Amino acid sequence: MRQRQEIACDCYPYSASSSTLDMKQVTDEFEIVITWSEAQPEQAGKTLRQIADGWQVSLHEAAARLMPAGAIYYNMDEQDVRRVLRYPVTMIGSDGLPNDPMPHPRLWGAFPRVLGHYSRDERLFPLTTAIHKMTGLSAARFQLADRGLVKVGYFADLVLFDPQTVRDVASFSDPKQPAEGDRGGDGQRRDELRQRQKDYRARGAFPAPPNELRSAK
């Protein structure tokens with residue numbers, strides 16, 4: 001008997017990953033940058049190779065001395081990232097650890113990077129496709145009712161930006177930088193929008209498929 005299993009695909013627009021420092025991923029085949037270390041906090045921002053050479057130990061010994069720690073792994077190929085981003089059913093996603101001293105820039109830059117760098121500058125796909133990958137496609141895939149489209153009766157989850165100037169500013173060396181190209185308004189209008197955002201968050205509503213709705217606590 002044939003069985004059907006739904007699958008999904010999401011991607012963030014960077015060729016480096018970020019997570020906790022994992023001994024299984026320690027290698028000299030690609031660069032590893034330490035983002036934080038409880039045992040050796042002064043080593044944050046250096047490559048694991050630099051730290052190991054400074055201590056005159058192996059990469060694995062250096063990693064063990066740093067634990068627990070966080071790291072950025074330059075272990076992906078840019079052409080692979082482009083190919084996955086271009087795939088029709090790929091959604092744009094992002095995650096991260098915002099309280100890390102040096103988190104992955106995807107926390108602040110993933111979506112504007114797709115809009116500005118990959119869509120506008122690199123012409124990887126049209127702007128409409130980029131937006132769909134962030135909104136309608138995700139809402140449909142996760143069965144979020146009345147979301148993902150600009151449509152009468154739908155939630156007005158809108159972001160205003162200038163397609164000619166929007167760009168990511170966050171970098172691996174300075175990740176906590178908001179995007180440029182925001183057209184949310186000036187002065188009183190901007191204050192009103194920010195207050196509405198606070199009010200909306202205070203409601204405690206979480207988008208979820210109809211069969212997975214849970215009350216916020």
# chains A, B, ... in the order shown; residues from 1 in each chain; ligands from 1
$ select_by_dssp --residues "segment 17-197 of chain A" --states "helix (DSSP H, G or I)" --output "MDAnalysis selection string"
chainID A and resid 23:25 41:43 48:55 59:66 78:86 106:121 127:134 136:141 187:197
$ residues_around --residues "segment 15-24 of chain A" --least-positions-apart "5" --cutoff "7 Å" --atoms "only C-alpha atoms" --output "list in words"
His60, Ala63, Ala69, Gly70, Ala71, Ile72, Tyr73, Tyr74, Asn75, Met76, Asp77, Glu78, Val81 and His104 of chain A
$ residues_around --residues "segment 129-134 of chain A" --least-positions-apart "2" --cutoff "8 Å" --atoms "only C-alpha atoms" --output "list in words"
Val89, Thr90, Met91, Ile92, Gly93, Phe111, Val114, Leu115, Ser119, Phe125, Pro126, Leu127, Gly136, Leu137 and Ser138 of chain A
$ residues_around --residues "Pro112 of chain A" --least-positions-apart "4" --cutoff "12 Å" --atoms "only C-alpha atoms" --output "ChimeraX atom specification"
/A:12-13,92-94,105-108,116-121,127,130-131,134,159-170,177-182
$ select_by_dssp --residues "segment 75-161 of chain A" --states "strand (DSSP E or B)" --output "list in words"
Thr90, Met91, Ile92 and Phe161 of chain A
$ closest_residue --among "A:Glu38, A:Asp28, A:Asp80, A:Asp95" --to "Leu59 of chain A" --atoms "only C-alpha atoms"
A:Asp28
$ closest_residue --among "A:Tyr87, A:Trp55, A:Phe155, A:Phe30" --to "Asp10 of chain A" --atoms "only C-alpha atoms"
A:Tyr87
$ closest_residue --among "A:Thr128, A:Gln40, A:Thr47, A:Gln3" --to "Ala64 of chain A" --atoms "only C-alpha atoms"
A:Gln40
$ decode --residues "segment 19-34 of chain A" --atoms "C-alpha atoms" --output "mmCIF file, in the first residue's frame"
data_model
loop_
_atom_site.group_PDB
_atom_site.id
_atom_site.type_symbol
_atom_site.label_atom_id
_atom_site.label_comp_id
_atom_site.auth_asym_id
_atom_site.auth_seq_id
_atom_site.Cartn_x
_atom_site.Cartn_y
_atom_site.Cartn_z
ATOM 1 C CA SER A 19 24.559 26.706 16.784
ATOM 2 C CA THR A 20 26.258 25.589 19.952
ATOM 3 C CA LEU A 21 29.822 24.356 19.607
ATOM 4 C CA ASP A 22 29.596 20.641 18.854
ATOM 5 C CA MET A 23 32.638 18.385 19.131
ATOM 6 C CA LYS A 24 31.261 16.255 16.295
ATOM 7 C CA GLN A 25 31.477 19.256 13.960
ATOM 8 C CA VAL A 26 35.004 20.302 14.889
ATOM 9 C CA THR A 27 37.152 20.006 11.758
ATOM 10 C CA ASP A 28 39.780 21.872 9.791
ATOM 11 C CA GLU A 29 37.808 21.439 6.548
ATOM 12 C CA PHE A 30 35.985 24.747 7.050
ATOM 13 C CA GLU A 31 36.245 27.823 9.252
ATOM 14 C CA ILE A 32 34.613 27.846 12.674
ATOM 15 C CA VAL A 33 34.160 31.134 14.541
ATOM 16 C CA ILE A 34 33.462 31.096 18.271
#
